[in-house]
$ cat upload_12.pdb   # PDB, C-alpha atoms and all ligand atoms
ATOM      1  CA  MET A  25     -78.486  79.730-104.308
ATOM      2  CA  ALA A  26     -78.474  76.530-106.289
ATOM      3  CA  GLY A  27     -75.234  75.064-107.511
ATOM      4  CA  PRO A  28     -74.164  75.177-111.123
ATOM      5  CA  VAL A  29     -76.638  73.640-113.468
ATOM      6  CA  SER A  30     -75.947  72.141-116.806
ATOM      7  CA  VAL A  31     -78.075  73.783-119.434
ATOM      8  CA  LEU A  32     -77.514  72.609-122.945
ATOM      9  CA  PRO A  33     -77.396  75.327-125.564
ATOM     10  CA  PRO A  34     -79.909  75.021-128.372
ATOM     11  CA  LEU A  35     -78.610  72.813-131.127
ATOM     12  CA  GLU A  36     -77.723  74.759-134.229
ATOM     13  CA  HIS A  37     -77.626  71.735-136.444
ATOM     14  CA  PRO A  38     -79.923  68.796-135.871
ATOM     15  CA  PRO A  39     -78.046  65.574-135.146
ATOM     16  CA  SER A  40     -78.122  62.821-137.726
ATOM     17  CA  ARG A  41     -81.085  60.490-137.282
ATOM     18  CA  PRO A  42     -81.501  56.776-137.830
ATOM     19  CA  ARG A  43     -83.343  55.882-141.023
ATOM     20  CA  LEU A  44     -86.845  54.595-140.409
ATOM     21  CA  THR A  45     -88.766  52.298-142.728
ATOM     22  CA  PRO A  46     -92.572  52.019-142.823
ATOM     23  CA  LEU A  47     -92.293  48.485-141.425
ATOM     24  CA  SER A  48     -90.390  49.605-138.335
ATOM     25  CA  LEU A  49     -92.948  52.378-137.795
ATOM     26  CA  ALA A  50     -95.711  49.800-137.663
ATOM     27  CA  VAL A  51     -93.828  47.406-135.425
ATOM     28  CA  PHE A  52     -92.202  49.792-132.991
ATOM     29  CA  PRO A  53     -94.437  52.578-131.641
ATOM     30  CA  ARG A  54     -91.440  54.190-129.936
ATOM     31  CA  LEU A  55     -89.774  54.564-133.284
ATOM     32  CA  ALA A  56     -92.974  56.113-134.557
ATOM     33  CA  THR A  57     -92.687  58.695-131.793
ATOM     34  CA  ALA A  58     -89.093  59.308-132.835
ATOM     35  CA  ALA A  59     -90.276  59.769-136.415
ATOM     36  CA  LEU A  60     -92.857  62.305-135.243
ATOM     37  CA  ASP A  61     -90.056  64.122-133.461
ATOM     38  CA  LEU A  62     -88.297  64.409-136.822
ATOM     39  CA  VAL A  63     -91.229  66.336-138.216
ATOM     40  CA  PHE A  64     -92.151  68.250-135.070
ATOM     41  CA  PRO A  65     -89.014  68.149-132.923
ATOM     42  CA  ALA A  66     -89.940  68.063-129.232
ATOM     43  CA  LEU A  67     -87.775  70.665-127.522
ATOM     44  CA  CYS A  68     -87.092  71.117-123.825
ATOM     45  CA  ALA A  69     -89.252  73.895-122.336
ATOM     46  CA  VAL A  70     -86.227  75.312-120.505
ATOM     47  CA  CYS A  71     -83.081  74.848-122.618
ATOM     48  CA  GLU A  72     -84.735  74.134-125.991
ATOM     49  CA  ALA A  73     -82.497  71.154-126.664
ATOM     50  CA  ARG A  74     -84.191  68.188-128.267
ATOM     51  CA  LEU A  75     -85.734  65.872-125.709
ATOM     52  CA  GLY A  76     -83.597  62.784-125.417
ATOM     53  CA  PRO A  77     -82.924  59.972-122.954
ATOM     54  CA  ARG A  78     -84.477  60.332-119.467
ATOM     55  CA  ARG A  79     -86.742  63.095-120.744
ATOM     56  CA  ARG A  80     -89.590  64.192-118.492
ATOM     57  CA  ASP A  81     -91.629  66.004-121.088
ATOM     58  CA  PRO A  82     -91.451  68.873-121.634
ATOM     59  CA  LEU A  83     -88.105  68.829-119.785
ATOM     60  CA  CYS A  84     -85.029  67.155-121.254
ATOM     61  CA  GLY A  85     -83.039  64.640-119.214
ATOM     62  CA  PRO A  86     -80.150  67.002-118.351
ATOM     63  CA  CYS A  87     -82.562  69.731-117.135
ATOM     64  CA  TRP A  88     -84.575  67.211-115.121
ATOM     65  CA  ASP A  89     -81.385  65.849-113.540
ATOM     66  CA  ALA A  90     -80.041  69.344-112.781
ATOM     67  CA  ILE A  91     -82.930  70.204-110.428
ATOM     68  CA  ASP A  92     -81.494  70.723-106.949
ATOM     69  CA  ARG A  93     -83.635  68.264-104.986
ATOM     70  CA  ILE A  94     -84.168  68.508-101.240
ATOM     71  CA  VAL A  95     -83.798  65.257 -99.334
ATOM     72  CA  PRO A  96     -83.768  64.506 -95.573
ATOM     73  CA  PRO A  97     -82.732  65.559 -93.067
ATOM     74  CA  TYR A  98     -84.904  68.664 -92.877
ATOM     75  CA  CYS A  99     -86.923  70.411 -90.201
ATOM     76  CA  ASP A 100     -89.997  68.320 -89.487
ATOM     77  CA  ARG A 101     -92.042  71.498 -89.135
ATOM     78  CA  CYS A 102     -91.012  73.995 -91.818
ATOM     79  CA  GLY A 103     -89.118  71.644 -94.133
ATOM     80  CA  VAL A 104     -85.921  73.702 -94.207
ATOM     81  CA  PRO A 105     -82.915  71.437 -94.874
ATOM     82  CA  MET A 106     -80.750  70.938 -91.792
ATOM     83  CA  PRO A 107     -77.303  71.865 -93.112
ATOM     84  CA  MET A 108     -75.476  70.867 -89.923
ATOM     85  CA  ARG A 109     -76.218  67.268 -90.786
ATOM     86  CA  GLU A 110     -75.242  67.549 -94.407
ATOM     87  CA  PRO A 111     -72.742  64.833 -95.315
ATOM     88  CA  PRO A 112     -69.751  65.302 -97.594
ATOM     89  CA  GLU A 113     -70.843  65.888-101.156
ATOM     90  CA  SER A 114     -70.459  62.786-103.191
ATOM     91  CA  SER A 115     -72.496  61.577-106.115
ATOM     92  CA  GLU A 116     -71.501  57.998-105.265
ATOM     93  CA  LEU A 117     -72.821  58.471-101.767
ATOM     94  CA  GLY A 118     -75.964  60.037-103.184
ATOM     95  CA  ALA A 119     -76.627  57.150-105.483
ATOM     96  CA  CYS A 120     -77.173  54.823-102.533
ATOM     97  CA  ARG A 121     -79.295  57.290-100.563
ATOM     98  CA  SER A 122     -81.873  58.339-103.070
ATOM     99  CA  ASP A 123     -83.793  56.686-105.812
ATOM    100  CA  ARG A 124     -83.393  59.888-107.825
ATOM    101  CA  GLY A 125     -79.622  59.489-107.944
ATOM    102  CA  SER A 126     -79.092  62.517-105.716
ATOM    103  CA  SER A 127     -76.766  63.189-102.816
ATOM    104  CA  ALA A 128     -78.039  63.737 -99.291
ATOM    105  CA  GLY A 129     -78.630  67.269 -98.055
ATOM    106  CA  PHE A 130     -79.000  69.050-101.348
ATOM    107  CA  ALA A 131     -79.003  66.803-104.322
ATOM    108  CA  ARG A 132     -76.763  67.830-107.149
ATOM    109  CA  ALA A 133     -77.042  65.197-109.782
ATOM    110  CA  THR A 134     -74.697  67.085-112.072
ATOM    111  CA  LEU A 135     -71.760  67.149-109.661
ATOM    112  CA  PRO A 136     -68.651  66.482-111.692
ATOM    113  CA  GLY A 137     -66.344  63.647-110.789
ATOM    114  CA  GLY A 138     -68.060  62.357-107.716
ATOM    115  CA  GLY A 139     -65.352  63.214-105.141
ATOM    116  CA  SER A 140     -65.773  59.942-103.348
ATOM    117  CA  GLU A 141     -62.950  60.346-100.830
ATOM    118  CA  GLY A 142     -65.515  61.437 -98.236
ATOM    119  CA  ALA A 143     -66.278  58.136 -96.532
ATOM    120  CA  ILE A 144     -69.698  57.493 -95.050
ATOM    121  CA  GLU A 145     -69.305  58.415 -91.389
ATOM    122  CA  ALA A 146     -71.162  57.527 -88.265
ATOM    123  CA  PRO A 147     -73.698  60.415 -88.028
ATOM    124  CA  PHE A 148     -75.114  59.484 -91.416
ATOM    125  CA  ASP A 149     -75.054  55.742 -90.991
ATOM    126  CA  GLU A 150     -78.219  55.973 -88.934
ATOM    127  CA  LEU A 151     -80.069  57.159 -92.033
ATOM    128  CA  GLU A 152     -79.611  53.690 -93.479
ATOM    129  CA  GLU A 153     -81.482  52.139 -90.566
ATOM    130  CA  GLY A 154     -84.728  54.004 -91.199
ATOM    131  CA  PRO A 155     -86.184  57.494 -91.081
ATOM    132  CA  PRO A 156     -84.360  59.863 -88.716
ATOM    133  CA  PRO A 157     -86.325  60.977 -85.634
ATOM    134  CA  PRO A 158     -88.340  64.184 -86.130
ATOM    135  CA  ALA A 159     -86.093  67.203 -85.750
ATOM    136  CA  VAL A 160     -87.220  70.814 -85.533
ATOM    137  CA  CYS A 161     -85.044  73.779 -86.509
ATOM    138  CA  SER A 162     -84.259  76.573 -84.068
ATOM    139  CA  ALA A 163     -86.512  79.044 -85.905
ATOM    140  CA  CYS A 164     -89.487  76.712 -85.473
ATOM    141  CA  VAL A 165     -88.653  76.073 -81.816
ATOM    142  CA  ALA A 166     -88.794  79.861 -81.267
ATOM    143  CA  ASP A 167     -91.848  80.580 -83.420
ATOM    144  CA  GLY A 168     -93.169  77.998 -85.863
ATOM    145  CA  PRO A 169     -95.163  78.743 -89.008
ATOM    146  CA  ALA A 170     -98.967  78.916 -88.990
ATOM    147  CA  TYR A 171     -99.164  75.591 -90.843
ATOM    148  CA  ASP A 172     -98.316  72.325 -89.117
ATOM    149  CA  TYR A 173     -95.728  71.155 -91.608
ATOM    150  CA  SER A 174     -94.256  72.067 -94.953
ATOM    151  CA  ARG A 175     -92.398  70.117 -97.627
ATOM    152  CA  SER A 176     -90.738  71.266-100.838
ATOM    153  CA  ALA A 177     -89.290  69.146-103.595
ATOM    154  CA  ALA A 178     -86.298  71.248-104.573
ATOM    155  CA  VAL A 179     -84.372  74.464-104.163
ATOM    156  CA  TYR A 180     -85.648  77.442-106.160
ATOM    157  CA  GLY A 181     -82.947  78.260-108.684
ATOM    158  CA  GLY A 182     -81.390  77.319-112.000
ATOM    159  CA  VAL A 183     -83.481  75.036-114.174
ATOM    160  CA  LEU A 184     -86.335  74.910-111.660
ATOM    161  CA  ARG A 185     -86.680  78.689-111.479
ATOM    162  CA  GLU A 186     -86.745  78.827-115.285
ATOM    163  CA  ALA A 187     -89.305  76.035-115.470
ATOM    164  CA  LEU A 188     -91.595  77.682-112.903
ATOM    165  CA  HIS A 189     -91.323  81.040-114.673
ATOM    166  CA  ARG A 190     -92.242  79.461-117.979
ATOM    167  CA  LEU A 191     -95.179  77.670-116.391
ATOM    168  CA  LYS A 192     -96.426  80.798-114.657
ATOM    169  CA  PHE A 193     -95.624  83.627-117.051
ATOM    170  CA  GLY A 194     -94.892  81.834-120.320
ATOM    171  CA  GLY A 195     -98.092  79.815-120.394
ATOM    172  CA  ARG A 196     -96.238  76.470-120.625
ATOM    173  CA  ARG A 197     -98.944  74.544-118.793
ATOM    174  CA  ALA A 198     -97.413  71.193-119.745
ATOM    175  CA  LEU A 199     -94.655  71.928-117.216
ATOM    176  CA  ALA A 200     -97.151  71.407-114.379
ATOM    177  CA  ARG A 201     -96.970  67.683-114.984
ATOM    178  CA  PRO A 202     -93.267  66.943-114.373
ATOM    179  CA  LEU A 203     -93.064  69.614-111.653
ATOM    180  CA  ALA A 204     -95.997  68.149-109.727
ATOM    181  CA  ASP A 205     -94.528  64.676-110.214
ATOM    182  CA  LEU A 206     -91.282  65.988-108.737
ATOM    183  CA  ALA A 207     -93.188  67.136-105.628
ATOM    184  CA  VAL A 208     -94.870  63.748-105.272
ATOM    185  CA  GLU A 209     -91.659  61.796-105.838
ATOM    186  CA  GLN A 210     -89.565  63.855-103.438
ATOM    187  CA  CYS A 211     -92.119  64.611-100.715
ATOM    188  CA  GLY A 212     -94.865  61.990-100.996
ATOM    189  CA  PRO A 213     -93.126  59.420 -98.764
ATOM    190  CA  SER A 214     -92.662  61.942 -95.917
ATOM    191  CA  LEU A 215     -96.223  63.301 -95.910
ATOM    192  CA  PRO A 216     -98.280  62.298 -92.879
ATOM    193  CA  ASP A 217    -101.347  60.092 -93.190
ATOM    194  CA  GLY A 218    -104.914  61.274 -92.948
ATOM    195  CA  ILE A 219    -104.912  64.063 -95.557
ATOM    196  CA  ALA A 220    -108.551  64.653 -96.510
ATOM    197  CA  ALA A 221    -107.921  66.767 -99.593
ATOM    198  CA  ILE A 222    -105.478  68.856-101.617
ATOM    199  CA  VAL A 223    -106.255  72.589-101.739
ATOM    200  CA  PRO A 224    -104.446  74.856-104.225
ATOM    201  CA  VAL A 225    -103.471  78.333-103.048
ATOM    202  CA  PRO A 226    -106.032  80.542-104.790
ATOM    203  CA  LEU A 227    -104.838  83.182-107.221
ATOM    204  CA  ALA A 228    -106.457  86.610-107.159
ATOM    205  CA  GLY A 229    -109.396  86.597-109.580
ATOM    206  CA  ASP A 230    -108.037  89.293-111.886
ATOM    207  CA  ARG A 231    -104.622  87.642-112.122
ATOM    208  CA  GLU A 232    -106.204  84.300-112.940
ATOM    209  CA  ARG A 233    -108.247  85.977-115.683
ATOM    210  CA  GLU A 234    -105.124  87.642-117.090
ATOM    211  CA  ARG A 235    -103.090  84.456-117.014
ATOM    212  CA  GLY A 236    -105.928  82.157-117.952
ATOM    213  CA  PHE A 237    -105.086  79.627-115.261
ATOM    214  CA  ASN A 238    -103.857  79.231-111.704
ATOM    215  CA  GLN A 239    -100.524  77.428-111.714
ATOM    216  CA  ALA A 240    -101.125  76.181-108.152
ATOM    217  CA  ALA A 241    -104.389  74.595-109.292
ATOM    218  CA  LEU A 242    -102.666  72.861-112.226
ATOM    219  CA  LEU A 243     -99.992  71.514-109.888
ATOM    220  CA  ALA A 244    -102.598  70.486-107.305
ATOM    221  CA  GLU A 245    -104.569  68.441-109.855
ATOM    222  CA  ARG A 246    -101.511  66.436-110.774
ATOM    223  CA  VAL A 247    -100.266  66.091-107.179
ATOM    224  CA  ALA A 248    -103.706  64.808-106.197
ATOM    225  CA  GLN A 249    -103.504  62.143-108.911
ATOM    226  CA  GLY A 250    -100.079  61.101-107.691
ATOM    227  CA  LEU A 251    -101.187  60.855-104.066
ATOM    228  CA  ALA A 252    -104.632  59.420-104.887
ATOM    229  CA  LEU A 253    -106.382  62.222-103.009
ATOM    230  CA  PRO A 254    -109.211  64.560-104.027
ATOM    231  CA  VAL A 255    -108.742  68.247-104.894
ATOM    232  CA  ARG A 256    -111.044  70.692-103.112
ATOM    233  CA  ALA A 257    -110.290  74.063-104.704
ATOM    234  CA  ARG A 258    -113.461  75.576-103.249
ATOM    235  CA  TRP A 259    -112.342  74.991 -99.688
ATOM    236  CA  LEU A 260    -110.260  78.159 -99.906
ATOM    237  CA  ALA A 261    -110.929  81.436-101.748
ATOM    238  CA  ARG A 262    -109.501  84.922-101.959
ATOM    239  CA  GLY A 263    -111.572  87.294 -99.884
ATOM    240  CA  ARG A 264    -109.983  90.450-101.251
ATOM    241  CA  ALA A 265    -107.474  91.503-103.874
ATOM    242  CA  THR A 266    -103.770  91.682-102.941
ATOM    243  CA  ARG A 267    -100.686  92.927-104.723
ATOM    244  CA  PRO A 268     -98.448  90.247-106.250
ATOM    245  CA  GLN A 269     -96.137  89.033-103.459
ATOM    246  CA  SER A 270     -93.225  89.050-105.910
ATOM    247  CA  ASP A 271     -93.524  92.853-106.164
ATOM    248  CA  LEU A 272     -92.967  93.290-102.420
ATOM    249  CA  PRO A 273     -90.009  93.035-100.051
ATOM    250  CA  ALA A 274     -90.196  90.165 -97.568
ATOM    251  CA  ALA A 275     -91.147  92.442 -94.672
ATOM    252  CA  GLU A 276     -94.322  93.658 -96.428
ATOM    253  CA  ARG A 277     -95.585  90.315 -97.693
ATOM    254  CA  SER A 278     -97.286  89.271 -94.515
ATOM    255  CA  ALA A 279     -99.352  92.467 -94.274
ATOM    256  CA  ASN A 280    -100.213  92.286 -97.979
ATOM    257  CA  VAL A 281    -101.998  88.947 -97.634
ATOM    258  CA  ARG A 282    -103.343  89.398 -94.086
ATOM    259  CA  GLY A 283    -107.013  88.436 -94.042
ATOM    260  CA  ALA A 284    -106.989  87.808 -97.812
ATOM    261  CA  PHE A 285    -108.403  84.262 -97.677
ATOM    262  CA  ARG A 286    -111.679  82.671 -96.641
ATOM    263  CA  ALA A 287    -112.078  78.959 -95.955
ATOM    264  CA  ALA A 288    -115.254  76.932 -96.444
ATOM    265  CA  PRO A 289    -117.020  75.355 -93.429
ATOM    266  CA  ALA A 290    -116.298  71.940 -95.002
ATOM    267  CA  VAL A 291    -112.684  72.105 -93.756
ATOM    268  CA  ALA A 292    -113.782  71.774 -90.117
ATOM    269  CA  GLY A 293    -112.097  68.836 -88.431
ATOM    270  CA  ARG A 294    -110.122  67.898 -91.554
ATOM    271  CA  HIS A 295    -106.462  67.536 -92.482
ATOM    272  CA  VAL A 296    -105.779  69.745 -95.489
ATOM    273  CA  LEU A 297    -102.691  69.838 -97.728
ATOM    274  CA  LEU A 298    -102.107  73.216 -99.396
ATOM    275  CA  VAL A 299    -100.266  73.166-102.738
ATOM    276  CA  ASP A 300     -98.372  76.059-104.296
ATOM    277  CA  ASP A 301     -95.510  76.502-106.742
ATOM    278  CA  VAL A 302     -92.906  78.257-104.589
ATOM    279  CA  LEU A 303     -92.411  78.898-100.887
ATOM    280  CA  THR A 304     -90.555  82.177-100.522
ATOM    281  CA  THR A 305     -91.218  83.759 -97.120
ATOM    282  CA  GLY A 306     -94.142  81.435 -96.437
ATOM    283  CA  ALA A 307     -96.398  84.458 -95.842
ATOM    284  CA  THR A 308     -99.067  83.382 -98.325
ATOM    285  CA  LEU A 309     -99.170  79.789 -97.098
ATOM    286  CA  ALA A 310     -99.284  80.991 -93.492
ATOM    287  CA  GLU A 311    -102.236  83.236 -94.254
ATOM    288  CA  CYS A 312    -104.022  80.365 -96.022
ATOM    289  CA  ALA A 313    -103.359  78.247 -92.946
ATOM    290  CA  ARG A 314    -104.833  80.927 -90.650
ATOM    291  CA  ALA A 315    -108.016  81.024 -92.719
ATOM    292  CA  LEU A 316    -108.277  77.224 -92.679
ATOM    293  CA  ARG A 317    -107.620  77.140 -88.939
ATOM    294  CA  ALA A 318    -110.250  79.816 -88.330
ATOM    295  CA  ALA A 319    -112.759  77.621 -90.156
ATOM    296  CA  GLY A 320    -111.839  74.687 -87.906
ATOM    297  CA  ALA A 321    -109.319  72.699 -89.983
ATOM    298  CA  ASP A 322    -107.693  70.100 -87.783
ATOM    299  CA  ARG A 323    -104.271  69.842 -89.444
ATOM    300  CA  ILE A 324    -102.708  71.898 -92.226
ATOM    301  CA  GLY A 325     -99.718  71.000 -94.365
ATOM    302  CA  ALA A 326     -98.052  72.810 -97.246
ATOM    303  CA  LEU A 327     -96.448  71.232-100.285
ATOM    304  CA  THR A 328     -94.537  73.275-102.845
ATOM    305  CA  VAL A 329     -92.440  72.358-105.845
ATOM    306  CA  ALA A 330     -89.685  74.777-104.820
ATOM    307  CA  ARG A 331     -88.524  76.718-101.827
ATOM    308  CA  VAL A 332     -86.169  79.660-101.626
ATOM    309  CA  ARG A 333     -83.218  78.507 -99.593
TER     310      ARG A 333
HETATM  311 ZN    ZN B 401     -83.460  71.073-121.087
HETATM  312 ZN    ZN B 402     -88.213  74.683 -89.058
END
$ encode --input "upload_12.pdb" --output "structure tokens" --more "lines below"
Ligand SMILES: [Zn+2]
Ligand SMILES: [Zn+2]
Amino acid sequence: MAGPVSVLPPLEHPPSRPRLTPLSLAVFPRLATAALDLVFPALCAVCEARLGPRRRDPLCGPCWDAIDRIVPPYCDRCGVPMPMREPPESSELGACRSDRGSSAGFARATLPGGGSEGAIEAPFDELEEGPPPPAVCSACVADGPAYDYSRSAAVYGGVLREALHRLKFGGRRALARPLADLAVEQCGPSLPDGIAAIVPVPLAGDRERERGFNQAALLAERVAQGLALPVRARWLARGRATRPQSDLPAAERSANVRGAFRAAPAVAGRHVLLVDDVLTTGATLAECARALRAAGADRIGALTVARVR
């Protein structure tokens, strides 16, 4: 799975703080925020360290940086990274390839040292010239997914798995914000034009009542803001109850969700982008895509924060 992540242990003793005077509080709002942190320390939702430089609330900088981002090249259809084109790992190399300071292939911002002896070689030079031509993986050539394309921001594991668990099962709704921003930052530039609306994968009614919210809907709202697109949650609904996919082995997931969704007539002729938290087998997204297709959707994409490698 994901490479080693750096998770800071909770601090046992708070670090010493600069002294703040009332005058500086009035003059410098950022210092006022720091003063508020003294009274109510803002802690990272994953590692519980105090939020510091490069924080993406409620994630601390080190946790944010440790997320294993997916960058091109990947399959144009299913979004799976194409490992055969992965260049030598080098954080120096990564710094010039990605605005997130990540290396190509799988980004590992926490790579120690940088191992820069791997020179940039010919096959990867072309990436500097512009986007690589669309490439499709062998699995998609044989039998592609029911959706037209899929993109995921990062590999499911480490900090990201923790963050998604705490969003979903720990009720930390504030995590939807940085996680949706991650999806927009990593995948937004490679999404095709013409998307009519964002549609969250619906949660079964009883599970949404238990949890109090649908994490896909929270993510979709924020993704829609980032992409300046509308959310149309009513374009897709659960037609029947299903068991949680996470309770089932991969082979049974497809049957579990078969026929579980119903799409609204409004999707006819439109390009719809589905949003969910994690792509595991893709069974749920594929079934959503079938329902949208049956109702006449013209093009269907899927965007998730994480994907299981
Ligand atoms: Zn943290
Ligand atoms: Zn593929």
$ closest_residue --input "upload_12.pdb" --among "A:Ala307, A:Ala178, A:Ala221, A:Leu243" --to "A:Val291" --atoms "only C-alpha atoms"
A:Ala221
$ residues_near_ligand --input "upload_12.pdb" --ligand "ligand ZN 402 (chain B)" --cutoff "9 Å" --atoms "all atoms listed in the file" --output "compact mmCIF listing (two decimals) with C-alpha atoms, keeping the file's coordinate frame"
# COMPACT_ATOMS: atom_id res chain seq x y z
CA TYR A 98 -84.90 68.66 -92.88
CA CYS A 99 -86.92 70.41 -90.20
CA ASP A 100 -90.00 68.32 -89.49
CA ARG A 101 -92.04 71.50 -89.14
CA CYS A 102 -91.01 74.00 -91.82
CA GLY A 103 -89.12 71.64 -94.13
CA VAL A 104 -85.92 73.70 -94.21
CA PRO A 105 -82.92 71.44 -94.87
CA MET A 106 -80.75 70.94 -91.79
CA ALA A 159 -86.09 67.20 -85.75
CA VAL A 160 -87.22 70.81 -85.53
CA CYS A 161 -85.04 73.78 -86.51
CA SER A 162 -84.26 76.57 -84.07
CA ALA A 163 -86.51 79.04 -85.90
CA CYS A 164 -89.49 76.71 -85.47
CA VAL A 165 -88.65 76.07 -81.82
CA ASP A 167 -91.85 80.58 -83.42
CA GLY A 168 -93.17 78.00 -85.86
CA PRO A 169 -95.16 78.74 -89.01
CA TYR A 173 -95.73 71.16 -91.61
CA SER A 174 -94.26 72.07 -94.95
$ closest_residue --input "upload_12.pdb" --among "A:Ala275, A:Ile222, A:Leu260, A:Leu327" --to "A:Glu311" --atoms "all atoms listed in the file"
A:Leu260
$ closest_residue --input "upload_12.pdb" --among "A:Ala177, A:Leu55, A:Leu199, A:Val332" --to "ligand ZN 401 (chain B)" --atoms "all atoms listed in the file"
A:Leu199
$ resolve_selection --input "upload_12.pdb" --expression "the PyMOL selection byres (((chain A and resi 312) around 12) and not hetatm)" --output "PDB file with C-alpha atoms, in the frame of the given file"
ATOM      1  CA  PRO A 169     -95.163  78.743 -89.008  1.00  0.00           C
ATOM      2  CA  ALA A 170     -98.967  78.916 -88.990  1.00  0.00           C
ATOM      3  CA  TYR A 171     -99.164  75.591 -90.843  1.00  0.00           C
ATOM      4  CA  VAL A 223    -106.255  72.589-101.739  1.00  0.00           C
ATOM      5  CA  PRO A 224    -104.446  74.856-104.225  1.00  0.00           C
ATOM      6  CA  VAL A 225    -103.471  78.333-103.048  1.00  0.00           C
ATOM      7  CA  PRO A 226    -106.032  80.542-104.790  1.00  0.00           C
ATOM      8  CA  LEU A 227    -104.838  83.182-107.221  1.00  0.00           C
ATOM      9  CA  TRP A 259    -112.342  74.991 -99.688  1.00  0.00           C
ATOM     10  CA  LEU A 260    -110.260  78.159 -99.906  1.00  0.00           C
ATOM     11  CA  ALA A 261    -110.929  81.436-101.748  1.00  0.00           C
ATOM     12  CA  ARG A 262    -109.501  84.922-101.959  1.00  0.00           C
ATOM     13  CA  GLY A 263    -111.572  87.294 -99.884  1.00  0.00           C
ATOM     14  CA  SER A 278     -97.286  89.271 -94.515  1.00  0.00           C
ATOM     15  CA  VAL A 281    -101.998  88.947 -97.634  1.00  0.00           C
ATOM     16  CA  ARG A 282    -103.343  89.398 -94.086  1.00  0.00           C
ATOM     17  CA  GLY A 283    -107.013  88.436 -94.042  1.00  0.00           C
ATOM     18  CA  ALA A 284    -106.989  87.808 -97.812  1.00  0.00           C
ATOM     19  CA  PHE A 285    -108.403  84.262 -97.677  1.00  0.00           C
ATOM     20  CA  ARG A 286    -111.679  82.671 -96.641  1.00  0.00           C
ATOM     21  CA  ALA A 287    -112.078  78.959 -95.955  1.00  0.00           C
ATOM     22  CA  ALA A 288    -115.254  76.932 -96.444  1.00  0.00           C
ATOM     23  CA  VAL A 296    -105.779  69.745 -95.489  1.00  0.00           C
ATOM     24  CA  LEU A 297    -102.691  69.838 -97.728  1.00  0.00           C
ATOM     25  CA  LEU A 298    -102.107  73.216 -99.396  1.00  0.00           C
ATOM     26  CA  VAL A 299    -100.266  73.166-102.738  1.00  0.00           C
ATOM     27  CA  ASP A 300     -98.372  76.059-104.296  1.00  0.00           C
ATOM     28  CA  GLY A 306     -94.142  81.435 -96.437  1.00  0.00           C
ATOM     29  CA  ALA A 307     -96.398  84.458 -95.842  1.00  0.00           C
ATOM     30  CA  THR A 308     -99.067  83.382 -98.325  1.00  0.00           C
ATOM     31  CA  LEU A 309     -99.170  79.789 -97.098  1.00  0.00           C
ATOM     32  CA  ALA A 310     -99.284  80.991 -93.492  1.00  0.00           C
ATOM     33  CA  GLU A 311    -102.236  83.236 -94.254  1.00  0.00           C
ATOM     34  CA  ALA A 313    -103.359  78.247 -92.946  1.00  0.00           C
ATOM     35  CA  ARG A 314    -104.833  80.927 -90.650  1.00  0.00           C
ATOM     36  CA  ALA A 315    -108.016  81.024 -92.719  1.00  0.00           C
ATOM     37  CA  LEU A 316    -108.277  77.224 -92.679  1.00  0.00           C
ATOM     38  CA  ARG A 317    -107.620  77.140 -88.939  1.00  0.00           C
ATOM     39  CA  ALA A 318    -110.250  79.816 -88.330  1.00  0.00           C
ATOM     40  CA  ALA A 319    -112.759  77.621 -90.156  1.00  0.00           C
ATOM     41  CA  ALA A 321    -109.319  72.699 -89.983  1.00  0.00           C
ATOM     42  CA  ILE A 324    -102.708  71.898 -92.226  1.00  0.00           C
ATOM     43  CA  GLY A 325     -99.718  71.000 -94.365  1.00  0.00           C
ATOM     44  CA  ALA A 326     -98.052  72.810 -97.246  1.00  0.00           C
TER      45      ALA A 326
END
$ closest_atom_pairs --input "upload_12.pdb" --of "chain A" --to "ligand ZN 401 (chain B)" --cutoff "6 Å" --atoms "all atoms listed in the file" --output "Markdown table"
| residue | atom | partner | partner_atom | distance |
| --- | --- | --- | --- | --- |
| A:Cys68 | CA | B:ZN401 | ZN | 4.5 |
| A:Val70 | CA | B:ZN401 | ZN | 5.1 |
| A:Cys71 | CA | B:ZN401 | ZN | 4.1 |
| A:Glu72 | CA | B:ZN401 | ZN | 5.9 |
| A:Ala73 | CA | B:ZN401 | ZN | 5.7 |
| A:Leu83 | CA | B:ZN401 | ZN | 5.3 |
| A:Cys84 | CA | B:ZN401 | ZN | 4.2 |
| A:Pro86 | CA | B:ZN401 | ZN | 5.9 |
| A:Cys87 | CA | B:ZN401 | ZN | 4.3 |
$ residues_around --input "upload_12.pdb" --residues "A:Gly212" --least-positions-apart "2" --cutoff "10 Å" --atoms "all atoms listed in the file" --output "ChimeraX atom specification"
/A:175,177,205-210,214-216,247,250-251,327
$ write_last_selection --input "upload_12.pdb" --atoms "C-alpha atoms" --output "short mmCIF file (atom, residue, chain, number, x, y, z; two decimals), in the coordinates of the input"
data_model
loop_
_atom_site.label_atom_id
_atom_site.label_comp_id
_atom_site.auth_asym_id
_atom_site.auth_seq_id
_atom_site.Cartn_x
_atom_site.Cartn_y
_atom_site.Cartn_z
CA ARG A 175 -92.40 70.12 -97.63
CA ALA A 177 -89.29 69.15 -103.60
CA ASP A 205 -94.53 64.68 -110.21
CA LEU A 206 -91.28 65.99 -108.74
CA ALA A 207 -93.19 67.14 -105.63
CA VAL A 208 -94.87 63.75 -105.27
CA GLU A 209 -91.66 61.80 -105.84
CA GLN A 210 -89.56 63.86 -103.44
CA SER A 214 -92.66 61.94 -95.92
CA LEU A 215 -96.22 63.30 -95.91
CA PRO A 216 -98.28 62.30 -92.88
CA VAL A 247 -100.27 66.09 -107.18
CA GLY A 250 -100.08 61.10 -107.69
CA LEU A 251 -101.19 60.86 -104.07
CA LEU A 327 -96.45 71.23 -100.28
#
$ closest_residue --input "upload_12.pdb" --among "A:Arg93, A:Trp88, A:Gly194, A:Ala274" --to "A:Tyr180" --atoms "only C-alpha atoms"
A:Arg93
$ closest_residue --input "upload_12.pdb" --among "A:Ile219, A:Ala330, A:Leu188, A:Ala204" --to "A:Thr304" --atoms "only C-alpha atoms"
A:Ala330
